[in-house]
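Coordinates from work.pdb are shown below (PDB, C-alpha atoms and all ligand atoms).
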ATOM      1  CA  MET A   1       0.000   0.000   0.000
ATOM      2  CA  THR A   2       2.817   2.388   0.896
ATOM      3  CA  THR A   3       4.459   1.678  -2.461
ATOM      4  CA  LEU A   4       1.177   2.315  -4.273
ATOM      5  CA  LEU A   5       0.693   5.622  -2.458
ATOM      6  CA  ALA A   6       4.266   6.662  -3.253
ATOM      7  CA  PHE A   7       3.745   5.738  -6.896
ATOM      8  CA  SER A   8       0.459   7.619  -7.174
ATOM      9  CA  LYS A   9       2.179  10.660  -5.686
ATOM     10  CA  PHE A  10       4.826  10.303  -8.404
ATOM     11  CA  VAL A  11       2.111  10.221 -11.050
ATOM     12  CA  GLY A  12       0.329  13.109  -9.341
ATOM     13  CA  ASP A  13       3.501  15.142  -9.559
ATOM     14  CA  PHE A  14       4.081  14.277 -13.202
ATOM     15  CA  ARG A  15       3.485  17.795 -14.381
ATOM     16  CA  ILE A  16       6.637  18.805 -12.541
ATOM     17  CA  LEU A  17       8.570  15.598 -13.148
ATOM     18  CA  PRO A  18       6.968  14.147 -16.269
ATOM     19  CA  THR A  19       9.905  12.128 -17.508
ATOM     20  CA  THR A  20      10.435  10.607 -14.116
ATOM     21  CA  SER A  21       6.801   9.537 -14.057
ATOM     22  CA  LEU A  22       7.032   8.095 -17.525
ATOM     23  CA  VAL A  23      10.108   6.084 -16.602
ATOM     24  CA  VAL A  24       8.437   4.926 -13.392
ATOM     25  CA  SER A  25       5.349   3.876 -15.363
ATOM     26  CA  LEU A  26       7.423   1.890 -17.845
ATOM     27  CA  ALA A  27       9.431   0.302 -15.052
ATOM     28  CA  ALA A  28       6.184  -0.620 -13.319
ATOM     29  CA  PHE A  29       4.985  -2.185 -16.562
ATOM     30  CA  ALA A  30       7.997  -4.480 -16.391
ATOM     31  CA  THR A  31       7.487  -5.305 -12.712
ATOM     32  CA  PRO A  32       5.487  -8.555 -13.207
ATOM     33  CA  TRP A  33       8.554 -10.094 -14.866
ATOM     34  CA  LEU A  34      10.603  -9.374 -11.752
ATOM     35  CA  PHE A  35       8.218 -11.617  -9.828
ATOM     36  CA  GLY A  36       8.375 -14.289 -12.481
ATOM     37  CA  ILE A  37       4.959 -13.396 -13.863
ATOM     38  CA  SER A  38       5.070 -13.540 -17.626
ATOM     39  CA  TYR A  39       2.517 -12.128 -19.981
ATOM     40  CA  THR A  40       1.801 -15.566 -21.412
ATOM     41  CA  GLY A  41       0.338 -18.915 -20.337
ATOM     42  CA  ARG A  42      -1.347 -19.387 -16.983
ATOM     43  CA  TRP A  43      -0.201 -15.975 -15.691
ATOM     44  CA  MET A  44      -2.125 -14.192 -18.410
ATOM     45  CA  PRO A  45      -5.215 -13.481 -16.210
ATOM     46  CA  VAL A  46      -2.926 -11.687 -13.727
ATOM     47  CA  ALA A  47      -0.423 -10.146 -16.057
ATOM     48  CA  LEU A  48      -2.847  -8.830 -18.660
ATOM     49  CA  PRO A  49      -4.903  -6.602 -16.327
ATOM     50  CA  LEU A  50      -1.646  -5.482 -14.712
ATOM     51  CA  SER A  51      -0.154  -4.603 -18.054
ATOM     52  CA  LEU A  52      -3.340  -2.831 -19.201
ATOM     53  CA  ALA A  53      -3.356  -0.804 -15.983
ATOM     54  CA  TRP A  54       0.223   0.281 -16.545
ATOM     55  CA  VAL A  55      -0.476   1.061 -20.198
ATOM     56  CA  ALA A  56      -3.291   3.310 -18.985
ATOM     57  CA  VAL A  57      -0.857   5.068 -16.650
ATOM     58  CA  VAL A  58       1.661   5.542 -19.455
ATOM     59  CA  LEU A  59      -1.037   6.792 -21.834
ATOM     60  CA  PHE A  60      -2.325   9.170 -19.195
ATOM     61  CA  THR A  61       1.176  10.555 -18.846
ATOM     62  CA  LEU A  62       1.493  10.856 -22.616
ATOM     63  CA  VAL A  63      -1.791  12.738 -22.798
ATOM     64  CA  ARG A  64      -0.256  15.279 -20.480
ATOM     65  CA  LEU A  65       2.598  15.466 -22.978
ATOM     66  CA  ARG A  66       0.245  17.550 -25.091
ATOM     67  CA  VAL A  67       0.413  20.363 -22.596
ATOM     68  CA  CYS A  68       3.748  19.726 -20.974
ATOM     69  CA  GLY A  69       5.313  18.097 -23.998
ATOM     70  CA  LEU A  70       8.572  19.812 -24.793
ATOM     71  CA  TRP A  71       9.746  19.430 -21.227
ATOM     72  CA  LEU A  72       9.027  15.720 -21.183
ATOM     73  CA  LEU A  73      12.067  15.297 -23.387
ATOM     74  CA  PHE A  74      14.433  16.707 -20.833
ATOM     75  CA  GLY A  75      14.082  14.676 -17.679
ATOM     76  CA  MET A  76      13.709  16.206 -14.252
ATOM     77  CA  LEU A  77      12.345  19.697 -14.350
ATOM     78  CA  PRO A  78      13.344  21.889 -11.448
ATOM     79  CA  MET A  79      11.607  25.234 -11.778
ATOM     80  CA  PHE A  80      12.908  28.482 -10.322
ATOM     81  CA  ILE A  81      11.035  31.695  -9.722
ATOM     82  CA  ARG A  82      13.024  34.885  -9.322
ATOM     83  CA  ARG A  83      13.289  38.494 -10.450
ATOM     84  CA  PRO A  84      14.711  38.988 -13.941
ATOM     85  CA  GLN A  85      18.200  40.390 -14.336
ATOM     86  CA  PRO A  86      18.613  43.538 -16.461
ATOM     87  CA  GLN A  87      20.006  41.556 -19.414
ATOM     88  CA  GLU A  88      16.926  39.290 -19.329
ATOM     89  CA  LEU A  89      14.321  42.030 -19.692
ATOM     90  CA  ASN A  90      14.153  41.694 -23.490
ATOM     91  CA  SER A  91      13.573  37.963 -23.128
ATOM     92  CA  VAL A  92      10.803  38.585 -20.586
ATOM     93  CA  ARG A  93       9.144  40.987 -22.965
ATOM     94  CA  ALA A  94       9.523  38.478 -25.816
ATOM     95  CA  VAL A  95       7.765  35.782 -23.756
ATOM     96  CA  VAL A  96       4.911  38.174 -22.993
ATOM     97  CA  GLN A  97       4.667  39.200 -26.664
ATOM     98  CA  THR A  98       4.566  35.562 -27.795
ATOM     99  CA  VAL A  99       1.747  34.603 -25.429
ATOM    100  CA  VAL A 100      -0.244  37.813 -25.906
ATOM    101  CA  ASP A 101      -0.170  37.325 -29.687
ATOM    102  CA  GLU A 102      -1.098  33.652 -29.360
ATOM    103  CA  VAL A 103      -4.031  34.248 -27.005
ATOM    104  CA  TYR A 104      -5.344  37.630 -28.141
ATOM    105  CA  GLY A 105      -3.866  38.186 -31.620
ATOM    106  CA  GLY A 106      -6.590  39.196 -34.060
ATOM    107  CA  LEU A 107      -9.190  39.712 -31.342
ATOM    108  CA  TRP A 108      -9.098  43.498 -31.460
ATOM    109  CA  ALA A 109      -6.045  44.046 -33.688
ATOM    110  CA  PRO A 110      -3.677  41.905 -35.733
ATOM    111  CA  SER A 111      -0.443  40.594 -34.186
ATOM    112  CA  PRO A 112       1.890  41.843 -32.878
ATOM    113  CA  LEU A 113      -0.315  43.411 -30.218
ATOM    114  CA  PRO A 114       1.147  46.278 -28.232
ATOM    115  CA  VAL A 115       2.947  45.113 -25.081
ATOM    116  CA  ASP A 116       4.369  47.332 -22.351
ATOM    117  CA  ASP A 117       8.087  47.985 -22.644
ATOM    118  CA  GLU A 118       8.650  48.934 -19.028
ATOM    119  CA  GLY A 119       8.084  47.537 -15.581
ATOM    120  CA  TRP A 120       9.242  43.984 -16.261
ATOM    121  CA  GLU A 121      12.123  44.399 -13.797
ATOM    122  CA  LEU A 122       9.417  44.204 -11.097
ATOM    123  CA  SER A 123       8.020  40.966 -12.473
ATOM    124  CA  TRP A 124       8.728  37.420 -11.328
ATOM    125  CA  ILE A 125       9.901  34.956 -13.932
ATOM    126  CA  ALA A 126       9.723  31.149 -13.966
ATOM    127  CA  LEU A 127      12.725  29.345 -15.421
ATOM    128  CA  MET A 128      13.128  25.765 -16.526
ATOM    129  CA  ARG A 129      16.589  24.652 -17.589
ATOM    130  CA  GLY A 130      17.629  28.291 -17.718
ATOM    131  CA  THR A 131      14.829  29.285 -20.092
ATOM    132  CA  ILE A 132      12.155  31.808 -19.158
ATOM    133  CA  VAL A 133       8.804  30.026 -19.480
ATOM    134  CA  GLY A 134       6.459  32.312 -17.571
ATOM    135  CA  VAL A 135       6.006  35.780 -16.090
ATOM    136  CA  VAL A 136       3.822  37.356 -13.419
ATOM    137  CA  LEU A 137       3.635  41.065 -12.666
ATOM    138  CA  THR A 138       1.663  42.708  -9.863
ATOM    139  CA  SER A 139       1.095  46.269  -8.709
ATOM    140  CA  GLY A 140      -0.900  47.409  -5.676
ATOM    141  CA  GLU A 141      -3.670  44.852  -5.234
ATOM    142  CA  TRP A 142      -3.642  43.903  -8.920
ATOM    143  CA  VAL A 143      -2.276  40.912 -10.796
ATOM    144  CA  ASP A 144      -1.428  42.850 -13.961
ATOM    145  CA  ASP A 145       0.089  40.076 -16.058
ATOM    146  CA  LEU A 146       0.359  36.290 -15.955
ATOM    147  CA  TRP A 147       1.734  34.576 -19.050
ATOM    148  CA  VAL A 148       3.074  31.055 -19.519
ATOM    149  CA  LEU A 149       4.561  29.789 -22.792
ATOM    150  CA  ARG A 150       2.342  27.233 -24.484
ATOM    151  CA  GLU A 151       4.938  24.438 -24.298
ATOM    152  CA  ALA A 152       5.277  24.864 -20.535
ATOM    153  CA  ARG A 153       1.561  24.889 -19.714
ATOM    154  CA  GLY A 154       0.093  22.202 -17.536
ATOM    155  CA  CYS A 155       3.413  21.847 -15.705
ATOM    156  CA  GLY A 156       2.355  23.879 -12.669
ATOM    157  CA  VAL A 157       4.168  27.039 -13.796
ATOM    158  CA  GLY A 158       1.054  29.248 -13.828
ATOM    159  CA  LYS A 159      -0.040  28.013 -10.438
ATOM    160  CA  ARG A 160       3.312  28.759  -8.823
ATOM    161  CA  LEU A 161       3.635  32.160 -10.488
ATOM    162  CA  LEU A 162       0.094  33.085  -9.422
ATOM    163  CA  ALA A 163       0.855  32.017  -5.841
ATOM    164  CA  HIS A 164       4.002  34.153  -5.962
ATOM    165  CA  GLY A 165       2.066  37.170  -7.257
ATOM    166  CA  GLU A 166      -0.697  36.691  -4.701
ATOM    167  CA  ALA A 167       1.844  36.481  -1.854
ATOM    168  CA  GLU A 168       3.453  39.687  -3.082
ATOM    169  CA  ILE A 169       0.107  41.520  -3.049
ATOM    170  CA  VAL A 170      -0.751  40.186   0.407
ATOM    171  CA  ALA A 171       2.684  41.287   1.672
ATOM    172  CA  ARG A 172       1.737  44.824   0.577
ATOM    173  CA  GLY A 173      -1.134  44.639   3.075
ATOM    174  CA  HIS A 174      -4.075  44.008   0.725
ATOM    175  CA  GLU A 175      -6.826  41.618   1.727
ATOM    176  CA  THR A 176      -8.636  41.658  -1.600
ATOM    177  CA  LEU A 177      -6.712  40.770  -4.742
ATOM    178  CA  LYS A 178      -7.910  41.827  -8.196
ATOM    179  CA  LEU A 179      -7.276  41.143 -11.867
ATOM    180  CA  ARG A 180      -8.777  41.728 -15.270
ATOM    181  CA  VAL A 181      -9.123  39.201 -18.046
ATOM    182  CA  VAL A 182     -10.740  39.219 -21.478
ATOM    183  CA  GLN A 183     -14.166  37.565 -21.232
ATOM    184  CA  SER A 184     -13.494  35.220 -24.138
ATOM    185  CA  ASN A 185     -10.373  33.820 -22.444
ATOM    186  CA  VAL A 186     -12.332  30.992 -20.868
ATOM    187  CA  ALA A 187      -9.281  28.837 -20.075
ATOM    188  CA  ALA A 188      -7.658  31.602 -18.013
ATOM    189  CA  ILE A 189     -10.942  32.410 -16.253
ATOM    190  CA  GLU A 190     -11.384  28.740 -15.298
ATOM    191  CA  PHE A 191      -7.760  28.618 -14.141
ATOM    192  CA  TYR A 192      -8.362  31.593 -11.837
ATOM    193  CA  ARG A 193     -11.673  30.166 -10.567
ATOM    194  CA  HIS A 194      -9.829  26.928  -9.825
ATOM    195  CA  HIS A 195      -7.506  28.959  -7.621
ATOM    196  CA  GLY A 196     -10.218  30.651  -5.597
ATOM    197  CA  TRP A 197     -10.878  33.731  -7.714
ATOM    198  CA  ARG A 198     -14.446  34.948  -8.280
ATOM    199  CA  ILE A 199     -16.027  37.160 -10.929
ATOM    200  CA  ALA A 200     -16.804  40.654  -9.661
ATOM    201  CA  ARG A 201     -18.194  42.259 -12.820
ATOM    202  CA  VAL A 202     -18.216  42.268 -16.603
ATOM    203  CA  PHE A 203     -17.558  45.533 -18.368
ATOM    204  CA  PRO A 204     -16.695  46.746 -21.875
ATOM    205  CA  HIS A 205     -13.099  47.628 -22.743
ATOM    206  CA  GLU A 206     -12.608  51.401 -22.855
ATOM    207  CA  LYS A 207     -11.132  51.320 -26.396
ATOM    208  CA  PHE A 208     -11.893  47.987 -28.064
ATOM    209  CA  ARG A 209     -15.111  46.126 -28.742
ATOM    210  CA  ILE A 210     -14.450  43.366 -26.250
ATOM    211  CA  ASN A 211     -15.703  42.634 -22.753
ATOM    212  CA  LEU A 212     -13.458  42.295 -19.747
ATOM    213  CA  LEU A 213     -14.040  40.462 -16.486
ATOM    214  CA  GLU A 214     -12.868  41.839 -13.205
ATOM    215  CA  MET A 215     -12.096  39.007 -10.821
ATOM    216  CA  PHE A 216     -11.248  39.130  -7.132
ATOM    217  CA  LYS A 217      -9.928  36.903  -4.391
ATOM    218  CA  SER A 218     -10.679  37.884  -0.836
ATOM    219  CA  LEU A 219      -8.704  36.749   2.159
ATOM    220  CA  ARG A 220     -11.593  37.704   4.453
ATOM    221  CA  LYS A 221     -13.467  34.508   5.272
ATOM    222  CA  ASN A 222     -17.004  35.900   4.831
ATOM    223  CA  GLU A 223     -16.253  37.321   1.392
ATOM    224  CA  THR A 224     -15.220  34.188  -0.489
TER     225      THR A 224
HETATM  226  C1  LIG B 301      -3.718  30.474 -17.639
HETATM  227  C2  LIG B 301      -2.294  30.006 -17.482
HETATM  228  C3  LIG B 301      -1.472  31.108 -16.803
HETATM  229  C4  LIG B 301      -2.253  28.746 -16.606
HETATM  230  O1  LIG B 301      -0.907  28.335 -16.448
HETATM  231  P1  LIG B 301      -0.478  26.796 -16.519
HETATM  232  O2  LIG B 301       0.970  26.747 -16.236
HETATM  233  O3  LIG B 301      -0.945  26.201 -17.795
HETATM  234  O4  LIG B 301      -1.341  26.151 -15.335
HETATM  235  P2  LIG B 301      -0.828  25.124 -14.247
HETATM  236  O5  LIG B 301      -0.179  23.967 -14.917
HETATM  237  O6  LIG B 301      -0.014  25.832 -13.224
HETATM  238  O7  LIG B 301      -2.211  24.662 -13.609
HETATM  239  C5  LIG B 301      -2.291  24.402 -12.238
HETATM  240  C6  LIG B 301      -3.667  24.053 -11.824
HETATM  241  O8  LIG B 301      -4.645  24.844 -12.507
HETATM  242  C7  LIG B 301      -5.552  24.000 -13.178
HETATM  243  N1  LIG B 301      -5.889  24.574 -14.466
HETATM  244  C8  LIG B 301      -5.056  24.969 -15.440
HETATM  245  N2  LIG B 301      -5.752  25.417 -16.492
HETATM  246  C9  LIG B 301      -7.056  25.254 -16.160
HETATM  247  C10 LIG B 301      -8.270  25.508 -16.830
HETATM  248  N3  LIG B 301      -8.305  26.016 -18.046
HETATM  249  N4  LIG B 301      -9.423  25.231 -16.194
HETATM  250  C11 LIG B 301      -9.427  24.726 -14.949
HETATM  251  N5  LIG B 301      -8.304  24.454 -14.261
HETATM  252  C12 LIG B 301      -7.130  24.726 -14.871
HETATM  253  C13 LIG B 301      -4.827  22.693 -13.376
HETATM  254  O9  LIG B 301      -5.739  21.630 -13.514
HETATM  255  C14 LIG B 301      -4.027  22.608 -12.108
HETATM  256  O10 LIG B 301      -4.858  22.203 -11.054
HETATM  257  P3  LIG B 301      -4.323  21.273  -9.840
HETATM  258  O11 LIG B 301      -3.007  21.844  -9.408
HETATM  259  O12 LIG B 301      -5.375  21.387  -8.791
HETATM  260  O13 LIG B 301      -4.209  19.915 -10.439
HETATM  261  C15 LIG B 301      -1.646  29.611 -18.836
HETATM  262  O14 LIG B 301      -2.474  28.635 -19.445
HETATM  263  C16 LIG B 301      -1.462  30.770 -19.787
HETATM  264  O15 LIG B 301      -0.477  31.472 -19.727
HETATM  265  N6  LIG B 301      -2.412  30.962 -20.710
HETATM  266  C17 LIG B 301      -2.299  31.916 -21.770
HETATM  267  C18 LIG B 301      -2.129  33.320 -21.260
HETATM  268  C19 LIG B 301      -3.297  33.796 -20.443
HETATM  269  O16 LIG B 301      -4.436  33.584 -20.817
HETATM  270  N7  LIG B 301      -2.970  34.474 -19.331
HETATM  271  C20 LIG B 301      -3.951  35.057 -18.474
HETATM  272  C21 LIG B 301      -4.198  36.453 -18.932
HETATM  273  S1  LIG B 301      -5.180  37.320 -17.729
END
Please lay out the structure from this file as structure tokens.
Ligand SMILES: CC(C)(COP(=O)(O)OP(=O)(O)OC[C@H]1O[C@@H](n2cnc3c(N)ncnc32)[C@H](O)[C@@H]1OP(=O)(O)O)[C@@H](O)C(=O)NCCC(=O)NCCS
Amino acid sequence: MTTLLAFSKFVGDFRILPTTSLVVSLAAFATPWLFGISYTGRWMPVALPLSLAWVAVVLFTLVRLRVCGLWLLFGMLPMFIRRPQPQELNSVRAVVQTVVDEVYGGLWAPSPLPVDDEGWELSWIALMRGTIVGVVLTSGEWVDDLWVLREARGCGVGKRLLAHGEAEIVARGHETLKLRVVQSNVAAIEFYRHHGWRIARVFPHEKFRINLLEMFKSLRKNET
């Protein structure tokens, strides 16, 4: 039972350590042989369900490859969150530009959409294998920006960056956190809802013909 729990924790953590999980799954697939159980003859009724179960685990991991795919190729994936250095600011901006164009390009203007040039030195960046894969920027009680490169999504980067941004806002003394998101960005809205954010209001953009959502997260118990 302990081994099973440890293994399921491995699989549960696969978004951070996907290759490890894949290797563990494949190794588990081979486990019956270690106990002398072959996939033929009289052991078939035992080995076949075992093998199918492990195939399901491997497939499940591979499905996650769709969202965390590039990183699966590289083995263990330690992720660091820190402030960008001055020489990294162009790279930070490039990450933001890439994701903004991917998510919102063509919605109110063709790509490349305008992206702020300044303020990124106050952001927090997520790095995997030395590459910037995500950015969060806050000011006052606001989460101003949260962008994760497509190939790094589903790996827990957004969650950790959001937690970092939220902690920064709370450290400034705010009890209610706020953000704005384009109404059509359903995936991001669901992501925020999943992390305890609620919709405060819907309102039209001041310049473009799109609607925005204002979302909030309150630390006061009776306002959740
Ligand atoms: C939204 C975004 C930041 C999420 O980042 P991510 O790295 O893909 O998300 P994570 O891997 O950290 O997800 C962590 C958790 O959120 C959940 N989650 C992620 N996307 C979700 C979605 N669309 N709906 C519901 N839950 C979601 C995951 O299931 C996971 O939950 P768990 O930890 O309880 O298992 C990222 O997809 C992104 O950058 N999107 C494009 C840019 C964008 O829209 N930014 C927001 C602009 S306001």
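Taking atom CA of A:Lys159 and atom CA of A:Trp108 as endpoints, the distance between them is 27.6 Å.
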Please tabulate, as a Markdown table, the residues of chain A that come within 8 Å of ligand LIG 301 (chain B), each with its closest pair of atoms and the distance in Å to one decimal, counting only C-alpha atoms and all ligand atoms and ordering rows by chain, then residue number upward.
| residue | atom | partner | partner_atom | distance |
| --- | --- | --- | --- | --- |
| A:Arg15 | CA | B:LIG301 | O5 | 7.2 |
| A:Val67 | CA | B:LIG301 | O3 | 7.7 |
| A:Val99 | CA | B:LIG301 | C18 | 5.8 |
| A:Val100 | CA | B:LIG301 | C18 | 6.7 |
| A:Glu102 | CA | B:LIG301 | C17 | 7.9 |
| A:Val103 | CA | B:LIG301 | C17 | 6.0 |
| A:Gly134 | CA | B:LIG301 | O15 | 7.3 |
| A:Asp144 | CA | B:LIG301 | S1 | 7.7 |
| A:Asp145 | CA | B:LIG301 | S1 | 6.2 |
| A:Leu146 | CA | B:LIG301 | N7 | 5.1 |
| A:Trp147 | CA | B:LIG301 | O15 | 3.9 |
| A:Val148 | CA | B:LIG301 | O15 | 3.6 |
| A:Leu149 | CA | B:LIG301 | O15 | 6.1 |
| A:Arg150 | CA | B:LIG301 | O15 | 7.0 |
| A:Ala152 | CA | B:LIG301 | O2 | 6.4 |
| A:Arg153 | CA | B:LIG301 | O3 | 3.4 |
| A:Gly154 | CA | B:LIG301 | O5 | 3.2 |
| A:Cys155 | CA | B:LIG301 | O5 | 4.2 |
| A:Gly156 | CA | B:LIG301 | O6 | 3.1 |
| A:Val157 | CA | B:LIG301 | O2 | 4.0 |
| A:Gly158 | CA | B:LIG301 | O1 | 3.4 |
| A:Lys159 | CA | B:LIG301 | O6 | 3.5 |
| A:Arg160 | CA | B:LIG301 | O6 | 6.2 |
| A:Leu161 | CA | B:LIG301 | O6 | 7.8 |
| A:Leu162 | CA | B:LIG301 | C3 | 7.8 |
| A:Leu179 | CA | B:LIG301 | S1 | 7.3 |
| A:Arg180 | CA | B:LIG301 | S1 | 6.2 |
| A:Val181 | CA | B:LIG301 | S1 | 4.4 |
| A:Val182 | CA | B:LIG301 | S1 | 7.0 |
| A:Asn185 | CA | B:LIG301 | O16 | 6.2 |
| A:Val186 | CA | B:LIG301 | N3 | 7.0 |
| A:Ala187 | CA | B:LIG301 | N3 | 3.6 |
| A:Ala188 | CA | B:LIG301 | C1 | 4.1 |
| A:Ile189 | CA | B:LIG301 | N3 | 7.1 |
| A:Glu190 | CA | B:LIG301 | N4 | 4.1 |
| A:Phe191 | CA | B:LIG301 | C9 | 4.0 |
| A:Tyr192 | CA | B:LIG301 | C1 | 7.5 |
| A:Arg193 | CA | B:LIG301 | C11 | 7.3 |
| A:His194 | CA | B:LIG301 | N5 | 5.3 |
| A:His195 | CA | B:LIG301 | O8 | 7.0 |
Just to be explicit: take each residue in the selection above, keep C-alpha atoms, and write the result as a PDB file, in the coordinates of the input.
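The result, stored in out-v2.pdb:
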ATOM      1  CA  ARG A  15       3.485  17.795 -14.381  1.00  0.00           C
ATOM      2  CA  VAL A  67       0.413  20.363 -22.596  1.00  0.00           C
ATOM      3  CA  VAL A  99       1.747  34.603 -25.429  1.00  0.00           C
ATOM      4  CA  VAL A 100      -0.244  37.813 -25.906  1.00  0.00           C
ATOM      5  CA  GLU A 102      -1.098  33.652 -29.360  1.00  0.00           C
ATOM      6  CA  VAL A 103      -4.031  34.248 -27.005  1.00  0.00           C
ATOM      7  CA  GLY A 134       6.459  32.312 -17.571  1.00  0.00           C
ATOM      8  CA  ASP A 144      -1.428  42.850 -13.961  1.00  0.00           C
ATOM      9  CA  ASP A 145       0.089  40.076 -16.058  1.00  0.00           C
ATOM     10  CA  LEU A 146       0.359  36.290 -15.955  1.00  0.00           C
ATOM     11  CA  TRP A 147       1.734  34.576 -19.050  1.00  0.00           C
ATOM     12  CA  VAL A 148       3.074  31.055 -19.519  1.00  0.00           C
ATOM     13  CA  LEU A 149       4.561  29.789 -22.792  1.00  0.00           C
ATOM     14  CA  ARG A 150       2.342  27.233 -24.484  1.00  0.00           C
ATOM     15  CA  ALA A 152       5.277  24.864 -20.535  1.00  0.00           C
ATOM     16  CA  ARG A 153       1.561  24.889 -19.714  1.00  0.00           C
ATOM     17  CA  GLY A 154       0.093  22.202 -17.536  1.00  0.00           C
ATOM     18  CA  CYS A 155       3.413  21.847 -15.705  1.00  0.00           C
ATOM     19  CA  GLY A 156       2.355  23.879 -12.669  1.00  0.00           C
ATOM     20  CA  VAL A 157       4.168  27.039 -13.796  1.00  0.00           C
ATOM     21  CA  GLY A 158       1.054  29.248 -13.828  1.00  0.00           C
ATOM     22  CA  LYS A 159      -0.040  28.013 -10.438  1.00  0.00           C
ATOM     23  CA  ARG A 160       3.312  28.759  -8.823  1.00  0.00           C
ATOM     24  CA  LEU A 161       3.635  32.160 -10.488  1.00  0.00           C
ATOM     25  CA  LEU A 162       0.094  33.085  -9.422  1.00  0.00           C
ATOM     26  CA  LEU A 179      -7.276  41.143 -11.867  1.00  0.00           C
ATOM     27  CA  ARG A 180      -8.777  41.728 -15.270  1.00  0.00           C
ATOM     28  CA  VAL A 181      -9.123  39.201 -18.046  1.00  0.00           C
ATOM     29  CA  VAL A 182     -10.740  39.219 -21.478  1.00  0.00           C
ATOM     30  CA  ASN A 185     -10.373  33.820 -22.444  1.00  0.00           C
ATOM     31  CA  VAL A 186     -12.332  30.992 -20.868  1.00  0.00           C
ATOM     32  CA  ALA A 187      -9.281  28.837 -20.075  1.00  0.00           C
ATOM     33  CA  ALA A 188      -7.658  31.602 -18.013  1.00  0.00           C
ATOM     34  CA  ILE A 189     -10.942  32.410 -16.253  1.00  0.00           C
ATOM     35  CA  GLU A 190     -11.384  28.740 -15.298  1.00  0.00           C
ATOM     36  CA  PHE A 191      -7.760  28.618 -14.141  1.00  0.00           C
ATOM     37  CA  TYR A 192      -8.362  31.593 -11.837  1.00  0.00           C
ATOM     38  CA  ARG A 193     -11.673  30.166 -10.567  1.00  0.00           C
ATOM     39  CA  HIS A 194      -9.829  26.928  -9.825  1.00  0.00           C
ATOM     40  CA  HIS A 195      -7.506  28.959  -7.621  1.00  0.00           C
TER      41      HIS A 195
END
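Counting from atom CA of A:Val95, the distance to atom CA of A:Lys217 is 26.3 Å.
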Report the residues retrieved by the PyMOL selection byres (((chain A and resi 137) around 10) and not hetatm) from the displayed file, expressed as an mmCIF file with C-alpha atoms, in the frame of the given file.
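File written: expr_13.cif
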data_model
loop_
_atom_site.group_PDB
_atom_site.id
_atom_site.type_symbol
_atom_site.label_atom_id
_atom_site.label_comp_id
_atom_site.auth_asym_id
_atom_site.auth_seq_id
_atom_site.Cartn_x
_atom_site.Cartn_y
_atom_site.Cartn_z
ATOM 1 C CA GLY A 119 8.084 47.537 -15.581
ATOM 2 C CA TRP A 120 9.242 43.984 -16.261
ATOM 3 C CA GLU A 121 12.123 44.399 -13.797
ATOM 4 C CA LEU A 122 9.417 44.204 -11.097
ATOM 5 C CA SER A 123 8.020 40.966 -12.473
ATOM 6 C CA TRP A 124 8.728 37.420 -11.328
ATOM 7 C CA ILE A 125 9.901 34.956 -13.932
ATOM 8 C CA VAL A 135 6.006 35.780 -16.090
ATOM 9 C CA VAL A 136 3.822 37.356 -13.419
ATOM 10 C CA THR A 138 1.663 42.708 -9.863
ATOM 11 C CA SER A 139 1.095 46.269 -8.709
ATOM 12 C CA TRP A 142 -3.642 43.903 -8.920
ATOM 13 C CA VAL A 143 -2.276 40.912 -10.796
ATOM 14 C CA ASP A 144 -1.428 42.850 -13.961
ATOM 15 C CA ASP A 145 0.089 40.076 -16.058
ATOM 16 C CA LEU A 146 0.359 36.290 -15.955
ATOM 17 C CA TRP A 147 1.734 34.576 -19.050
ATOM 18 C CA LEU A 161 3.635 32.160 -10.488
ATOM 19 C CA LEU A 162 0.094 33.085 -9.422
ATOM 20 C CA HIS A 164 4.002 34.153 -5.962
ATOM 21 C CA GLY A 165 2.066 37.170 -7.257
ATOM 22 C CA GLU A 168 3.453 39.687 -3.082
#
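Using only C-alpha atoms, the smallest distance between any of A:Val133, A:Ile81, A:Leu213, A:Ala126 and A:Thr98 comes from A:Val133.
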Selection result for the PyMOL selection byres (((chain A and resi 219) around 12) and not hetatm) on this file, as a PDB file with C-alpha atoms, keeping the file's coordinate frame:
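Printed below is selection-v9.pdb as written:
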ATOM      1  CA  GLU A 166      -0.697  36.691  -4.701  1.00  0.00           C
ATOM      2  CA  ALA A 167       1.844  36.481  -1.854  1.00  0.00           C
ATOM      3  CA  ILE A 169       0.107  41.520  -3.049  1.00  0.00           C
ATOM      4  CA  VAL A 170      -0.751  40.186   0.407  1.00  0.00           C
ATOM      5  CA  GLY A 173      -1.134  44.639   3.075  1.00  0.00           C
ATOM      6  CA  HIS A 174      -4.075  44.008   0.725  1.00  0.00           C
ATOM      7  CA  GLU A 175      -6.826  41.618   1.727  1.00  0.00           C
ATOM      8  CA  THR A 176      -8.636  41.658  -1.600  1.00  0.00           C
ATOM      9  CA  LEU A 177      -6.712  40.770  -4.742  1.00  0.00           C
ATOM     10  CA  LYS A 178      -7.910  41.827  -8.196  1.00  0.00           C
ATOM     11  CA  GLY A 196     -10.218  30.651  -5.597  1.00  0.00           C
ATOM     12  CA  TRP A 197     -10.878  33.731  -7.714  1.00  0.00           C
ATOM     13  CA  PHE A 216     -11.248  39.130  -7.132  1.00  0.00           C
ATOM     14  CA  LYS A 217      -9.928  36.903  -4.391  1.00  0.00           C
ATOM     15  CA  SER A 218     -10.679  37.884  -0.836  1.00  0.00           C
ATOM     16  CA  ARG A 220     -11.593  37.704   4.453  1.00  0.00           C
ATOM     17  CA  LYS A 221     -13.467  34.508   5.272  1.00  0.00           C
ATOM     18  CA  ASN A 222     -17.004  35.900   4.831  1.00  0.00           C
ATOM     19  CA  GLU A 223     -16.253  37.321   1.392  1.00  0.00           C
ATOM     20  CA  THR A 224     -15.220  34.188  -0.489  1.00  0.00           C
TER      21      THR A 224
END
inquiry  = Counting only C-alpha atoms, which residues have an atom no more than 7 Å from (-18.6, 39.9, -12.4) in the file's coordinates? Please list them as a ChimeraX atom specification.
reply    = /A:199-202,213-215
